[in-house]
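Peer 1: Before anything else, here's the structure in question.
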Amino acid sequence: MNLNDLAANVLQQQRSTPDLIADALREAIVRGIFQEGQSLRQDEIATQFGVSRIPVREALRQLEAEGLVKLHLNRGATVSALSPTEAQEIFEIRSALEVKAIQLAIPKLTAADLEKATVILKQTDQTTDAGILAKLNWE
């Protein structure tokens, strides 16, 4: 699987273009298609997705907020190289936020939501692929 495959896959979904591009780039980073410190050229990514640089720039900003990308003034973006301490800090912050999100969502869950969650949890038990696990975690 490469970035073109990921781009084709996510562009079939009904979401904003920056969100779809961010999803594909996130998965490419998690899968190791892009390595730590690698430059992410906006014009090349825009060409691969068949879009202007604006949604790519927005997608890179989303990934920067998640700690996956570093934006450098007048030099573009690179894949973040996280230290173990930084990774632990991000994990702890996300864990606390996700717990709170679940607490707020539980009263609003339907039977269909719970069935979907059960299917997703079973899928996570059946895979060790980091890219698939990241996608299932997002779902």
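Just remember, in the structure tokens the first chain shown is A, the second B, etc., residues are 1-based per chain, and ligands are 1-based in the order shown.
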Mind running region 58-101 of chain A against region 14-22 of chain A at 12 Å and telling me each contacting residue's nearest atom pair with the distance in Å (one decimal), counting only C-alpha atoms, chain and number ascending, as CSV?

Peer 2:
```
residue,atom,partner,partner_atom,distance
A:Glu58,CA,A:Pro18,CA,5.7
A:Ala59,CA,A:Ala22,CA,4.6
A:Leu60,CA,A:Ala22,CA,6.7
A:Arg61,CA,A:Ala22,CA,8.8
A:Gln62,CA,A:Ala22,CA,6.9
A:Leu63,CA,A:Ala22,CA,6.6
A:Glu64,CA,A:Ala22,CA,10.2
A:Ala65,CA,A:Ala22,CA,11.2
A:Glu66,CA,A:Ala22,CA,10.5
A:Leu68,CA,A:Ala22,CA,10.4
A:Val69,CA,A:Ala22,CA,10.6
```

Peer 1: List every residue of chain A that DSSP, applied to the backbone, labels as helix (DSSP H, G or I), and write the result as a PyMOL selection string.

Peer 2: chain A and resi 3-10+17-31+42-49+53-65+84-108+111-125+130-138

Peer 1: Find the residues near Ile33 (chain A): any atom within 9 Å, counting only C-alpha atoms, skip ones fewer than 3 places away on the same chain, and give them as number ranges by chain.

Peer 2: A: 1-3, 27-30

Peer 1: Skip Val79 (chain A) itself and residues of its chain fewer than 3 positions away, then list as a list in words all residues within 6 Å of it, counting only C-alpha atoms.

Peer 2: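 Near Val79 (chain A), the qualifying residues are Glu36, Gly37, Gln38 and Val69 of chain A.
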
Peer 1: So that I have them on file, write out the residues from the current selection with C-alpha atoms, as a PDB file, in the first residue's frame.

Peer 2:
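selection_23.pdb, written as the output of this step:
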```pdb
ATOM      1  CA  GLU A  36      10.343  10.528  10.919  1.00  0.00           C
ATOM      2  CA  GLY A  37      11.939  13.750   9.694  1.00  0.00           C
ATOM      3  CA  GLN A  38      10.807  13.236   6.103  1.00  0.00           C
ATOM      4  CA  VAL A  69       3.807  16.818  11.703  1.00  0.00           C
TER       5      VAL A  69
END
```

Peer 1: How far is it from CA of Thr118 (chain A) to CA of Glu139 (chain A), in Å with one decimal?

Peer 2: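 CA of Glu139 (chain A) lies 11.5 Å from CA of Thr118 (chain A).
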
Peer 1: Given only C-alpha atoms as the basis, pick out the residue of A:Leu97, A:Asp5, A:Leu40, A:Glu92 nearest to Leu71 (chain A).

Peer 2: A:Leu40

Peer 1: What separation in Å, quoted to one decimal, exists between CA of Gly131 (chain A) and CA of Arg31 (chain A)?

Peer 2: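 If I compute the distance from CA of Gly131 (chain A) to CA of Arg31 (chain A), I get 5.4 Å.
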
Peer 1: Taking the DSSP secondary structure from the backbone, can you list the residues of region 1-134 of chain A that are strand (DSSP E), as a list in words?

Peer 2: Ser39, Leu40, Val69, Lys70, Leu71, His72, Gly76, Ala77, Thr78 and Val79 of chain A

Peer 1: Emit the selected residues as a short mmCIF file (atom, residue, chain, number, x, y, z; two decimals), in the first residue's frame, including N, CA, C and O atoms.

Peer 2:
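Below is the file that was written, again37.cif:
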```
data_model
loop_
_atom_site.label_atom_id
_atom_site.label_comp_id
_atom_site.auth_asym_id
_atom_site.auth_seq_id
_atom_site.Cartn_x
_atom_site.Cartn_y
_atom_site.Cartn_z
N SER A 39 10.42 15.16 4.72
CA SER A 39 9.74 16.36 4.25
C SER A 39 8.43 15.98 3.56
O SER A 39 8.38 15.01 2.80
N LEU A 40 7.38 16.74 3.84
CA LEU A 40 6.08 16.55 3.20
C LEU A 40 5.83 17.76 2.30
O LEU A 40 5.48 18.83 2.78
N VAL A 69 3.09 16.02 12.70
CA VAL A 69 3.81 16.82 11.70
C VAL A 69 4.30 18.09 12.37
O VAL A 69 3.66 18.61 13.28
N LYS A 70 5.45 18.56 11.91
CA LYS A 70 5.95 19.86 12.35
C LYS A 70 5.97 20.79 11.15
O LYS A 70 6.51 20.44 10.10
N LEU A 71 5.36 21.96 11.31
CA LEU A 71 5.37 22.97 10.25
C LEU A 71 6.49 23.95 10.54
O LEU A 71 6.61 24.44 11.66
N HIS A 72 7.29 24.24 9.52
CA HIS A 72 8.42 25.15 9.65
C HIS A 72 8.19 26.34 8.74
O HIS A 72 7.95 26.16 7.54
N GLY A 76 8.22 24.45 4.93
CA GLY A 76 7.27 23.37 4.74
C GLY A 76 7.07 22.52 5.98
O GLY A 76 7.28 22.97 7.10
N ALA A 77 6.69 21.29 5.75
CA ALA A 77 6.34 20.37 6.84
C ALA A 77 7.23 19.14 6.82
O ALA A 77 7.70 18.72 5.76
N THR A 78 7.46 18.59 8.01
CA THR A 78 8.18 17.33 8.14
C THR A 78 7.43 16.44 9.11
O THR A 78 6.68 16.92 9.97
N VAL A 79 7.64 15.14 8.98
CA VAL A 79 7.05 14.18 9.90
C VAL A 79 7.77 14.32 11.24
O VAL A 79 9.01 14.34 11.29
#
```

Peer 1: To one decimal place, how far is CA of Gln123 (chain A) from CA of Trp138 (chain A) in Å?

Peer 2: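 Taking CA of Gln123 (chain A) as the start and CA of Trp138 (chain A) as the end point, the length is 12.8 Å.
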